[in-house]
file upload_25.cif (mmCIF, C-alpha atoms and all ligand atoms)
data_protein
#
loop_
_atom_site.label_atom_id
_atom_site.label_comp_id
_atom_site.auth_asym_id
_atom_site.auth_seq_id
_atom_site.Cartn_x
_atom_site.Cartn_y
_atom_site.Cartn_z
CA MET A 1 91.61 10.79 -38.94
CA LEU A 2 90.47 14.04 -37.38
CA ASP A 3 88.52 14.76 -34.20
CA PHE A 4 86.13 17.65 -34.66
CA TYR A 5 84.89 19.42 -31.53
CA TYR A 6 81.69 21.03 -32.61
CA TRP A 7 78.32 22.53 -31.83
CA PRO A 8 75.93 23.59 -34.62
CA THR A 9 76.36 27.38 -34.65
CA PRO A 10 77.73 29.71 -37.35
CA ASN A 11 81.27 29.42 -35.94
CA GLY A 12 81.00 25.63 -35.94
CA TRP A 13 79.55 25.58 -39.47
CA LYS A 14 82.62 27.30 -40.90
CA VAL A 15 84.82 24.30 -40.13
CA ALA A 16 82.07 21.73 -40.81
CA ILE A 17 81.73 23.20 -44.30
CA LEU A 18 85.48 23.01 -44.95
CA LEU A 19 85.70 19.43 -43.68
CA GLU A 20 82.85 18.48 -46.00
CA GLU A 21 84.39 20.35 -48.94
CA LEU A 22 87.67 18.52 -48.36
CA GLY A 23 85.98 15.14 -47.93
CA LEU A 24 88.17 14.42 -44.91
CA ASP A 25 87.50 11.56 -42.56
CA TYR A 26 86.46 13.07 -39.21
CA THR A 27 84.72 12.14 -36.00
CA THR A 28 82.39 14.74 -34.52
CA HIS A 29 82.49 15.32 -30.76
CA PRO A 30 79.55 17.49 -29.72
CA VAL A 31 80.55 20.29 -27.34
CA ASN A 32 77.26 21.22 -25.73
CA ILE A 33 77.99 24.83 -24.86
CA GLY A 34 74.68 25.20 -23.03
CA LYS A 35 75.62 22.35 -20.70
CA GLY A 36 79.16 23.55 -19.98
CA ASP A 37 81.16 21.07 -22.09
CA GLN A 38 83.44 23.94 -23.13
CA PHE A 39 84.75 24.05 -19.56
CA LYS A 40 85.66 20.38 -19.30
CA PRO A 41 89.39 20.18 -18.50
CA GLU A 42 90.05 17.85 -21.43
CA PHE A 43 88.41 20.33 -23.81
CA LEU A 44 90.28 23.30 -22.32
CA GLU A 45 93.51 21.42 -23.07
CA ILE A 46 92.56 21.59 -26.75
CA SER A 47 90.76 24.92 -26.76
CA PRO A 48 92.01 27.19 -23.94
CA ASN A 49 89.52 29.95 -24.84
CA ASN A 50 86.61 27.63 -23.90
CA ARG A 51 85.05 28.03 -27.33
CA MET A 52 84.36 25.55 -30.07
CA PRO A 53 85.24 24.74 -32.87
CA ALA A 54 88.51 22.88 -32.37
CA ILE A 55 90.17 19.93 -34.04
CA VAL A 56 92.74 17.27 -33.23
CA ASP A 57 94.56 15.90 -36.24
CA HIS A 58 95.88 12.37 -35.82
CA ASP A 59 97.00 12.08 -39.42
CA VAL A 60 100.44 13.54 -38.70
CA ALA A 61 103.93 12.29 -38.03
CA GLY A 62 104.43 12.25 -34.26
CA ASP A 63 101.98 13.45 -31.65
CA PRO A 64 98.47 14.54 -32.68
CA VAL A 65 98.11 18.24 -33.47
CA SER A 66 95.32 20.27 -31.86
CA VAL A 67 94.08 23.56 -33.29
CA PHE A 68 91.51 26.00 -31.86
CA GLU A 69 89.91 29.16 -33.37
CA SER A 70 88.01 28.74 -36.63
CA GLY A 71 90.42 30.90 -38.66
CA ALA A 72 93.48 28.98 -37.48
CA ILE A 73 91.75 25.65 -38.11
CA MET A 74 90.79 26.63 -41.63
CA LEU A 75 94.25 27.89 -42.42
CA TYR A 76 95.77 24.70 -41.00
CA LEU A 77 93.52 22.44 -43.07
CA ALA A 78 93.90 24.49 -46.25
CA GLU A 79 97.67 24.43 -45.92
CA LYS A 80 97.71 20.74 -45.08
CA THR A 81 95.64 19.78 -48.10
CA ARG A 82 96.84 22.64 -50.35
CA ARG A 83 93.28 23.41 -51.28
CA PHE A 84 90.96 26.44 -51.06
CA MET A 85 93.84 28.89 -50.42
CA GLY A 86 94.68 30.02 -53.94
CA ASP A 87 97.75 28.99 -55.86
CA ASP A 88 99.97 32.04 -55.94
CA PRO A 89 101.29 34.33 -53.18
CA ALA A 90 98.97 37.21 -54.12
CA GLU A 91 95.86 35.03 -53.90
CA ARG A 92 97.08 33.54 -50.64
CA ARG A 93 97.64 37.00 -49.17
CA GLU A 94 94.12 38.05 -50.14
CA VAL A 95 92.62 34.90 -48.65
CA LEU A 96 94.48 35.68 -45.42
CA GLU A 97 93.22 39.27 -45.42
CA TRP A 98 89.62 38.09 -45.56
CA LEU A 99 90.20 35.32 -43.07
CA PHE A 100 91.55 37.84 -40.57
CA TRP A 101 88.84 40.33 -41.47
CA GLN A 102 86.21 37.75 -40.64
CA VAL A 103 87.62 36.69 -37.28
CA GLY A 104 88.44 40.25 -36.24
CA ASN A 105 85.39 42.09 -37.56
CA GLN A 106 82.37 40.29 -38.96
CA GLY A 107 82.51 37.36 -36.49
CA PRO A 108 82.66 39.33 -33.22
CA MET A 109 80.16 41.97 -34.38
CA ALA A 110 77.67 39.34 -35.60
CA GLY A 111 78.17 37.31 -32.43
CA GLN A 112 77.39 40.29 -30.22
CA LEU A 113 74.41 41.21 -32.39
CA SER A 114 73.15 37.66 -32.02
CA HIS A 115 73.44 38.03 -28.24
CA PHE A 116 71.28 41.15 -28.13
CA VAL A 117 68.75 39.76 -30.66
CA ASN A 118 68.42 36.28 -29.22
CA TYR A 119 69.30 36.48 -25.54
CA ALA A 120 68.67 40.03 -24.36
CA PRO A 121 65.98 41.38 -26.69
CA GLY A 122 64.79 44.85 -25.80
CA GLU A 123 67.03 45.05 -22.76
CA ASN A 124 69.70 47.34 -24.11
CA PRO A 125 68.78 49.36 -27.20
CA TYR A 126 72.14 51.16 -27.34
CA SER A 127 74.15 47.92 -27.55
CA HIS A 128 71.69 46.31 -29.93
CA THR A 129 71.87 49.27 -32.31
CA ARG A 130 75.64 49.47 -32.06
CA TYR A 131 76.09 45.84 -33.15
CA ALA A 132 73.28 45.94 -35.73
CA LYS A 133 75.06 48.86 -37.38
CA GLU A 134 78.45 47.17 -37.25
CA TYR A 135 76.93 44.00 -38.73
CA ASP A 136 75.37 46.09 -41.48
CA ARG A 137 78.69 47.85 -42.07
CA CYS A 138 80.42 44.47 -42.47
CA ILE A 139 77.80 43.32 -45.00
CA GLY A 140 78.51 46.57 -46.86
CA VAL A 141 82.23 45.74 -46.90
CA LEU A 142 81.44 42.34 -48.43
CA GLU A 143 79.04 43.96 -50.92
CA ARG A 144 81.80 46.20 -52.26
CA ARG A 145 84.31 43.36 -52.30
CA LEU A 146 81.96 41.14 -54.31
CA GLU A 147 81.32 43.81 -56.96
CA GLY A 148 82.64 42.25 -60.19
CA ARG A 149 83.87 39.15 -58.34
CA LYS A 150 82.18 35.78 -58.17
CA TRP A 151 83.91 34.83 -54.93
CA ILE A 152 85.65 36.88 -52.24
CA VAL A 153 89.03 36.19 -53.78
CA GLY A 154 88.45 36.54 -57.51
CA GLU A 155 87.44 33.53 -59.51
CA LYS A 156 88.14 30.87 -56.90
CA TYR A 157 85.96 29.65 -54.09
CA SER A 158 88.18 29.57 -51.00
CA ILE A 159 88.22 29.39 -47.23
CA ALA A 160 87.55 33.16 -47.33
CA ASP A 161 84.05 32.40 -48.65
CA MET A 162 83.52 29.52 -46.23
CA ILE A 163 84.45 31.57 -43.18
CA CYS A 164 82.42 34.67 -44.08
CA TRP A 165 79.28 32.89 -45.25
CA PRO A 166 77.68 31.39 -42.08
CA TRP A 167 77.05 34.76 -40.41
CA VAL A 168 75.56 36.06 -43.68
CA LEU A 169 73.34 33.00 -43.98
CA ILE A 170 71.48 34.04 -40.83
CA ALA A 171 71.11 37.74 -41.69
CA LYS A 172 67.32 37.58 -41.46
CA PRO A 173 67.10 36.00 -37.98
CA LEU A 174 69.61 38.65 -36.89
CA GLY A 175 67.07 41.25 -38.00
CA ALA A 176 69.01 42.41 -41.07
CA SER A 177 67.83 42.62 -44.65
CA LEU A 178 70.05 41.84 -47.62
CA ASP A 179 67.68 43.61 -50.04
CA ILE A 180 70.06 46.47 -50.76
CA PHE A 181 73.05 44.14 -51.15
CA PRO A 182 72.67 42.39 -54.54
CA ASN A 183 76.25 41.11 -54.70
CA VAL A 184 76.05 39.58 -51.22
CA THR A 185 72.63 38.07 -52.05
CA ARG A 186 73.99 36.46 -55.23
CA TRP A 187 77.11 35.15 -53.43
CA ARG A 188 75.10 33.88 -50.44
CA LYS A 189 72.96 31.81 -52.82
CA ALA A 190 75.97 30.50 -54.80
CA VAL A 191 77.66 29.26 -51.62
CA LYS A 192 74.41 27.82 -50.25
CA GLU A 193 73.88 25.74 -53.37
CA ARG A 194 77.09 23.77 -52.85
CA PRO A 195 76.27 20.24 -51.59
CA ALA A 196 79.20 20.26 -49.15
CA VAL A 197 77.91 23.51 -47.64
CA GLN A 198 74.47 21.98 -47.15
CA ARG A 199 76.05 18.99 -45.43
CA GLY A 200 78.16 21.25 -43.20
CA VAL A 201 75.18 23.32 -42.08
CA ASP A 202 73.12 20.18 -41.51
CA LEU A 203 75.76 18.64 -39.27
CA GLY A 204 74.22 18.18 -35.84
CA LYS A 205 71.01 20.03 -36.61
CA ASP A 206 69.15 17.40 -34.60
CA ILE A 207 71.06 18.36 -31.43
CA ARG A 208 70.49 22.12 -31.71
CA ARG A 209 68.51 23.75 -28.95
CA SER A 210 65.06 24.79 -30.08
CA GLY A 211 63.57 27.58 -28.03
CA PRO A 212 65.08 29.96 -25.51
CA PRO A 213 67.93 28.86 -23.25
CA SER A 214 67.16 27.69 -19.72
CA ASP A 215 68.55 29.57 -16.70
CA GLN A 216 71.24 26.92 -16.39
CA GLU A 217 72.22 27.34 -20.05
CA ARG A 218 72.32 31.12 -19.67
CA LYS A 219 74.61 30.72 -16.69
CA PHE A 220 77.08 28.57 -18.63
CA LEU A 221 77.01 30.87 -21.64
CA PHE A 222 76.77 34.36 -20.20
CA ASP A 223 78.04 34.28 -16.65
CA GLN A 224 81.71 33.71 -17.41
CA ASP A 225 84.74 35.47 -16.02
CA ALA A 226 88.38 34.59 -15.48
CA SER A 227 87.52 32.32 -12.57
CA THR A 228 85.12 30.11 -14.54
CA ALA A 229 87.74 28.08 -16.41
CA GLN A 230 90.05 28.14 -13.37
CA LYS A 231 87.33 26.63 -11.17
CA ALA A 232 86.45 24.06 -13.84
CA GLN A 233 90.08 23.00 -14.15
CA ALA A 234 90.47 22.73 -10.39
CA SER A 235 87.33 20.63 -9.91
N1 LIG B 301 86.65 33.35 -32.42
C1 LIG B 301 86.10 32.03 -32.22
C2 LIG B 301 84.66 32.15 -31.79
C3 LIG B 301 84.08 30.80 -31.43
C4 LIG B 301 82.82 30.96 -30.59
O1 LIG B 301 82.44 32.06 -30.19
N2 LIG B 301 82.16 29.83 -30.30
C5 LIG B 301 81.01 29.85 -29.45
C6 LIG B 301 79.79 29.26 -30.12
S1 LIG B 301 79.37 30.16 -31.59
C7 LIG B 301 81.29 29.05 -28.20
O2 LIG B 301 81.97 28.05 -28.24
N3 LIG B 301 80.75 29.50 -27.06
C8 LIG B 301 80.95 28.88 -25.81
C9 LIG B 301 80.90 29.87 -24.69
O3 LIG B 301 80.50 31.02 -24.91
O4 LIG B 301 81.30 29.50 -23.58
C10 LIG B 301 86.21 31.23 -33.53
O5 LIG B 301 86.08 31.85 -34.59
O6 LIG B 301 86.44 30.01 -33.46
#

call {"tool": "encode", "arguments": {"input": "upload_25.cif", "output": "structure tokens"}}
result
Amino acid sequence: MLDFYYWPTPNGWKVAILLEELGLDYTTHPVNIGKGDQFKPEFLEISPNNRMPAIVDHDVAGDPVSVFESGAIMLYLAEKTRRFMGDDPAERREVLEWLFWQVGNQGPMAGQLSHFVNYAPGENPYSHTRYAKEYDRCIGVLERRLEGRKWIVGEKYSIADMICWPWVLIAKPLGASLDIFPNVTRWRKAVKERPAVQRGVDLGKDIRRSGPPSDQERKFLFDQDASTAQKAQAS
């Protein structure tokens, strides 16, 4: 059995999709990031960066194992089940390249773009443009990678596809067009058509916030510094 600490956002979907693809037995624990659940001391024990997703795996010899950061979680689960990682060392290395590329490039750039599109529209054109261009650059990287390939790593659907896909899914709401990226468009559709992917993206859609965040939610999400977690742990 696995505990899955989750809120329905692109970073949460990555792991939800993998759990569904693997058919693992898991219990979802909503981490309402607009209400400050990410600062609860018991959550910080599992995820010291006060971000979801995170998991706790009880299906291990000895004490339960906790893992935070979507890339680390996906690697852990793929290695545990020996699925969606490729079979030989070369495939595995390529999957790791794209896993690290996602968490070091596409993820942060898309996340910042989302901030300026959804939470500070019109307030800072320089920053908005900077992240819109970086997001576009990352889509271009994927476009070239997918030329002549069905999936990111050759002929096999892997955690590389699952981790890169959620931030491409929402290209349009982020203000980007995929019109000039035929390979990405084809791949986005192929991933979307997988039933496990649909289930992953649907997980918790009923608890998603609809509409702009309240002042209180903005405070939890965007008024963080080093003292925030410290104060939460001390309280
Ligand atoms: N690098 C992290 C990013 C996770 C992340 O940014 N999660 C956001 C939601 S999409 C979060 O938990 N935010 C809570 C907060 O900002 O306090 C990963 O890939 O797991």

call {"tool": "closest_residue", "arguments": {"input": "upload_25.cif", "among": "A:Trp187, A:Phe222, A:Phe84, A:Tyr126", "to": "ligand LIG 301 (chain B)", "atoms": "all atoms listed in the file"}}
result
A:Phe222

call {"tool": "residues_around", "arguments": {"input": "upload_25.cif", "residues": "Arg83 in chain A", "least_positions_apart": "2", "cutoff": "12 Å", "atoms": "all atoms listed in the file", "output": "list in words"}}
result
Leu18, Leu19, Glu21, Leu22, Gly23, Met74, Leu75, Tyr76, Leu77, Ala78, Glu79, Lys80, Thr81, Met85, Gly86, Asp87, Asp88, Arg92, Val95, Lys156, Tyr157, Ser158, Ile159 and Ala160 of chain A

call {"tool": "residues_near_ligand", "arguments": {"input": "upload_25.cif", "ligand": "ligand LIG 301 (chain B)", "cutoff": "9 Å", "atoms": "all atoms listed in the file", "output": "number ranges by chain"}}
result
A: 6-12, 14-15, 31-34, 36-39, 49-54, 68-73, 102-104, 107-108, 111, 163, 220-222, 224

call {"tool": "atom_distance", "arguments": {"input": "upload_25.cif", "atom1": "CA of Gln216 in chain A", "atom2": "CA of Lys231 in chain A"}}
result
16.9 Å

call {"tool": "closest_residue", "arguments": {"input": "upload_25.cif", "among": "A:Ile46, A:Ala132, A:Leu203, A:Leu142", "to": "Asn183 in chain A", "atoms": "only C-alpha atoms"}}
result
A:Leu142

call {"tool": "residues_around", "arguments": {"input": "upload_25.cif", "residues": "Val184 in chain A", "least_positions_apart": "4", "cutoff": "9 Å", "atoms": "only C-alpha atoms", "output": "list of chain:residue names"}}
result
A:Ile139, A:Gly140, A:Leu142, A:Glu143, A:Arg144, A:Leu146, A:Glu147, A:Val168, A:Leu178, A:Arg188, A:Lys189

call {"tool": "axis_aligned_box", "arguments": {"input": "upload_25.cif", "around": "range 200-208 of chain A", "padding_each_side": "3 Å", "output": "lines of an AutoDock Vina configuration file"}}
result
center_x = 73.7
center_y = 20.4
center_z = -37.3
size_x = 15.0
size_y = 11.9
size_z = 17.8

call {"tool": "atom_distance", "arguments": {"input": "upload_25.cif", "atom1": "CA of Asp57 in chain A", "atom2": "CA of Ala90 in chain A"}}
result
28.2 Å

call {"tool": "atom_distance", "arguments": {"input": "upload_25.cif", "atom1": "CA of Cys138 in chain A", "atom2": "CA of Asn105 in chain A"}}
result
7.4 Å

call {"tool": "residues_near_point", "arguments": {"input": "upload_25.cif", "point": "(94.8, 17.5, -35.9)", "cutoff": "7 Å", "atoms": "only C-alpha atoms", "output": "tab-separated table (two decimals) with C-alpha atoms, in the coordinates of the input"}}
result
chain	number	residue	atom	x	y	z
A	2	LEU	CA	90.47	14.04	-37.38
A	55	ILE	CA	90.17	19.93	-34.04
A	56	VAL	CA	92.74	17.27	-33.23
A	57	ASP	CA	94.56	15.90	-36.24
A	58	HIS	CA	95.88	12.37	-35.82
A	59	ASP	CA	97.00	12.08	-39.42
A	64	PRO	CA	98.47	14.54	-32.68
A	65	VAL	CA	98.11	18.24	-33.47
A	66	SER	CA	95.32	20.27	-31.86
A	67	VAL	CA	94.08	23.56	-33.29

call {"tool": "closest_residue", "arguments": {"input": "upload_25.cif", "among": "A:Val60, A:Arg209, A:Ala176, A:Leu169", "to": "Val191 in chain A", "atoms": "all atoms listed in the file"}}
result
A:Leu169

call {"tool": "closest_residue", "arguments": {"input": "upload_25.cif", "among": "A:Glu123, A:Leu99, A:Lys40, A:Gly204", "to": "Ile152 in chain A", "atoms": "all atoms listed in the file"}}
result
A:Leu99

call {"tool": "closest_residue", "arguments": {"input": "upload_25.cif", "among": "A:Ala232, A:Leu174, A:Val141, A:Cys164", "to": "Thr129 in chain A", "atoms": "only C-alpha atoms"}}
result
A:Leu174

call {"tool": "residues_near_point", "arguments": {"input": "upload_25.cif", "point": "(82.3, 17.3, -31.4)", "cutoff": "8 Å", "atoms": "all atoms listed in the file", "output": "PyMOL selection string"}}
result
chain A and resi 3-7+27-31

call {"tool": "write_last_selection", "arguments": {"input": "upload_25.cif", "atoms": "C-alpha atoms", "output": "PDB file, in the frame of the given file"}}
result
ATOM      1  CA  ASP A   3      88.520  14.760 -34.200  1.00  0.00           C
ATOM      2  CA  PHE A   4      86.130  17.650 -34.660  1.00  0.00           C
ATOM      3  CA  TYR A   5      84.890  19.420 -31.530  1.00  0.00           C
ATOM      4  CA  TYR A   6      81.690  21.030 -32.610  1.00  0.00           C
ATOM      5  CA  TRP A   7      78.320  22.530 -31.830  1.00  0.00           C
ATOM      6  CA  THR A  27      84.720  12.140 -36.000  1.00  0.00           C
ATOM      7  CA  THR A  28      82.390  14.740 -34.520  1.00  0.00           C
ATOM      8  CA  HIS A  29      82.490  15.320 -30.760  1.00  0.00           C
ATOM      9  CA  PRO A  30      79.550  17.490 -29.720  1.00  0.00           C
ATOM     10  CA  VAL A  31      80.550  20.290 -27.340  1.00  0.00           C
TER      11      VAL A  31
END

call {"tool": "closest_residue", "arguments": {"input": "upload_25.cif", "among": "A:Lys133, A:Glu217, A:Asp161, A:Leu96", "to": "Lys192 in chain A", "atoms": "only C-alpha atoms"}}
result
A:Asp161

call {"tool": "decode", "arguments": {"input": "upload_25.cif", "residues": "range 48-113 of chain A", "atoms": "C-alpha atoms", "output": "compact mmCIF listing (two decimals), in the first residue's frame"}}
result
# COMPACT_ATOMS: atom_id res chain seq x y z
CA PRO A 48 10.81 19.13 3.37
CA ASN A 49 10.45 21.47 0.37
CA ASN A 50 6.77 22.08 1.27
CA ARG A 51 5.64 20.95 -2.16
CA MET A 52 3.48 18.07 -3.26
CA PRO A 53 3.58 15.39 -4.71
CA ALA A 54 5.08 12.97 -2.21
CA ILE A 55 4.56 9.31 -1.41
CA VAL A 56 5.03 6.95 1.50
CA ASP A 57 5.54 3.35 0.51
CA HIS A 58 4.47 0.81 3.12
CA ASP A 59 5.05 -2.16 0.86
CA VAL A 60 8.70 -2.51 1.88
CA ALA A 61 10.75 -4.57 4.28
CA GLY A 62 11.28 -2.48 7.41
CA ASP A 63 10.16 1.08 7.97
CA PRO A 64 7.98 2.82 5.37
CA VAL A 65 9.89 4.74 2.71
CA SER A 66 8.95 8.36 1.93
CA VAL A 67 9.90 10.08 -1.32
CA PHE A 68 9.37 13.71 -2.37
CA GLU A 69 9.95 15.47 -5.75
CA SER A 70 8.05 14.12 -8.74
CA GLY A 71 11.19 12.98 -10.60
CA ALA A 72 12.52 11.05 -7.60
CA ILE A 73 9.11 9.48 -6.98
CA MET A 74 8.79 8.35 -10.58
CA LEU A 75 12.28 6.92 -10.62
CA TYR A 76 11.62 5.12 -7.33
CA LEU A 77 8.38 3.57 -8.57
CA ALA A 78 9.79 2.64 -11.98
CA GLU A 79 12.77 0.95 -10.36
CA LYS A 80 10.62 -0.78 -7.78
CA THR A 81 8.26 -2.24 -10.38
CA ARG A 82 10.85 -2.49 -13.18
CA ARG A 83 8.45 -0.85 -15.56
CA PHE A 84 8.44 2.26 -17.77
CA MET A 85 12.23 2.74 -17.53
CA GLY A 86 13.45 0.82 -20.56
CA ASP A 87 15.19 -2.52 -20.44
CA ASP A 88 18.80 -1.81 -21.30
CA PRO A 89 21.34 0.66 -19.87
CA ALA A 90 21.20 2.96 -22.91
CA GLU A 91 17.41 3.31 -22.70
CA ARG A 92 17.61 3.82 -18.96
CA ARG A 93 20.20 6.58 -19.41
CA GLU A 94 17.99 8.34 -21.94
CA VAL A 95 14.96 8.09 -19.68
CA LEU A 96 17.03 9.67 -16.91
CA GLU A 97 18.20 12.47 -19.21
CA TRP A 98 14.62 13.43 -19.98
CA LEU A 99 13.51 13.02 -16.40
CA PHE A 100 16.21 15.45 -15.27
CA TRP A 101 15.51 17.73 -18.22
CA GLN A 102 11.89 17.97 -17.16
CA VAL A 103 12.51 18.73 -13.50
CA GLY A 104 15.36 21.14 -14.24
CA ASN A 105 13.98 22.94 -17.29
CA GLN A 106 10.43 22.45 -18.52
CA GLY A 107 8.88 22.14 -15.03
CA PRO A 108 10.31 25.31 -13.44
CA MET A 109 9.86 27.41 -16.59
CA ALA A 110 6.25 26.28 -17.06
CA GLY A 111 5.55 26.78 -13.36
CA GLN A 112 6.81 30.36 -13.45
CA LEU A 113 4.91 31.03 -16.67
